[in-house]
Structure formats: C-alpha cells, structure tokens
$ cat query-v9.tsv   # TSV, C-alpha atoms
chain	number	residue	atom	x	y	z
M	1	MET	CA	72.27	95.79	120.57
M	2	GLY	CA	74.42	98.90	120.89
M	3	LYS	CA	74.65	100.83	124.11
M	4	ASP	CA	73.66	104.01	122.26
M	5	HIS	CA	70.08	102.73	122.01
M	6	ILE	CA	69.29	103.72	125.58
M	7	GLN	CA	69.61	107.29	126.75
M	8	ASN	CA	68.98	108.56	130.26
M	9	LYS	CA	68.35	111.76	132.16
M	10	ILE	CA	70.03	110.71	135.41
M	11	ARG	CA	72.44	113.66	135.51
M	12	THR	CA	69.58	116.15	135.11
M	13	LEU	CA	67.42	114.35	137.67
M	14	ARG	CA	70.30	114.32	140.16
M	15	PHE	CA	70.78	118.06	139.68
M	16	PHE	CA	67.13	118.81	140.41
M	17	LYS	CA	67.15	116.53	143.48
M	18	ASP	CA	69.24	118.89	145.58
M	19	GLU	CA	72.29	118.29	143.36
M	20	MET	CA	72.51	114.65	144.47
M	21	THR	CA	75.94	113.14	143.84
M	22	GLN	CA	76.60	109.93	141.94
M	23	LYS	CA	77.76	108.43	145.24
M	24	GLN	CA	74.50	109.35	146.99
M	25	LEU	CA	72.45	107.81	144.17
M	26	ALA	CA	74.64	104.71	144.21
M	27	GLU	CA	74.05	104.26	147.94
M	28	GLU	CA	70.28	104.70	147.50
M	29	VAL	CA	70.05	101.99	144.82
M	30	GLY	CA	72.74	99.61	146.12
M	31	VAL	CA	75.48	99.88	143.50
M	32	THR	CA	78.89	101.55	143.28
M	33	ARG	CA	79.46	105.14	142.20
M	34	GLN	CA	81.35	103.75	139.20
M	35	THR	CA	78.23	101.86	138.11
M	36	VAL	CA	76.13	105.02	138.31
M	37	ALA	CA	78.79	106.90	136.32
M	38	ALA	CA	78.84	104.17	133.64
M	39	ILE	CA	75.03	104.17	133.34
M	40	GLU	CA	74.89	107.96	133.26
M	41	SER	CA	77.49	108.15	130.48
M	42	GLY	CA	75.79	105.44	128.42
M	43	LYS	CA	78.62	102.92	128.77
M	44	TYR	CA	76.44	100.46	130.69
M	45	SER	CA	72.75	99.63	130.57
M	46	PRO	CA	71.23	98.82	133.96
M	47	SER	CA	69.15	95.75	134.70
M	48	LEU	CA	65.42	96.34	134.66
M	49	GLU	CA	65.33	96.07	138.45
M	50	LEU	CA	68.07	98.69	138.86
M	51	ALA	CA	66.34	100.96	136.34
M	52	PHE	CA	63.17	100.81	138.44
M	53	ARG	CA	65.12	101.50	141.65
M	54	ILE	CA	66.70	104.57	140.02
M	55	SER	CA	63.32	105.88	138.83
M	56	ASN	CA	61.88	105.31	142.34
M	57	VAL	CA	64.63	107.44	143.91
M	58	PHE	CA	63.53	110.35	141.74
M	59	ASN	CA	59.82	109.52	142.13
M	60	VAL	CA	59.31	109.45	138.36
M	61	THR	CA	58.29	106.80	135.85
M	62	LEU	CA	60.85	104.62	134.11
M	63	ASP	CA	60.33	106.39	130.78
M	64	GLU	CA	61.08	109.74	132.43
M	65	VAL	CA	64.57	108.44	133.24
M	66	PHE	CA	65.34	106.14	130.31
M	67	THR	CA	64.44	106.33	126.63
M	68	TYR	CA	65.02	103.75	123.92
M	69	ASP	CA	65.97	104.89	120.42
M	70	SER	CA	64.37	102.27	118.17
M	71	SER	CA	65.70	103.97	115.03
M	72	LYS	CA	69.08	102.40	115.86
M	73	ASP	CA	67.56	98.94	116.33
M	74	LYS	CA	68.94	96.48	113.78
M	75	PHE	CA	66.12	94.06	114.65
M	76	LYS	CA	63.42	96.55	113.70
M	77	LYS	CA	61.02	95.25	111.05
M	78	LYS	CA	61.31	96.99	107.72
$ encode --input "query-v9.tsv" --output "structure tokens"
Amino acid sequence: MGKDHIQNKIRTLRFFKDEMTQKQLAEEVGVTRQTVAAIESGKYSPSLELAFRISNVFNVTLDEVFTYDSSKDKFKKK
C-alpha cells in the first residue's frame, strides 16, 4: 500500500488552532516533531491510535483529519 493513499489536513488544522506548531502538536500526542512532520508531509502513516489522538487534539472526527484515496488501492475489486 503506497503512502499516497492517505492524505491529511493536519497543517490546516494546526493553522486554525492558534497557529499551533508541529512541536506543540507532537507534545500533545506524545511523539516527536519529526514524526508529526513526516505524517503531515505524507511520508509516514500514523497508527490508528495516534490518528485518533491527533483528531482529539483538534476536536474533530478522524475523517476530518485523514482521508483515504481508494482509487489508488491495488487491492480494490474490479
């Protein structure tokens, strides 16, 4: 499964939450700033637990933070 399947709106959500920094988000969810940067840029997909912690910080649902592009899914039934 390619990493381009999952997109996120973390950067936008951080901006609208008083311009929260990657470091501040990282501290809130218990990871490093580098991990937040990698997730935000699409280089790393978070665990389900971490995804929920991120959505909780912004007080939004999981699908308001992360979206899955099934059109790129090689396992999709034809």
$ residues_around --input "query-v9.tsv" --residues "segment 32-49 of chain M" --least-positions-apart "6" --cutoff "10 Å" --atoms "all atoms listed in the file" --output "list in words"
Gly2, Lys3, Asp4, His5, Ile6, Gln7, Asn8, Lys9, Ile10, Arg11, Thr12, Thr21, Gln22, Lys23, Gln24, Leu25, Ala26, Leu62 and Phe66 of chain M
$ atom_distance --input "query-v9.tsv" --atom1 "atom CA of Tyr68 of chain M" --atom2 "atom CA of Gly30 of chain M"
23.9 Å
$ atom_distance --input "query-v9.tsv" --atom1 "atom CA of Val60 of chain M" --atom2 "atom CA of Met20 of chain M"
15.4 Å
$ atom_distance --input "query-v9.tsv" --atom1 "atom CA of Glu28 of chain M" --atom2 "atom CA of Leu50 of chain M"
10.8 Å
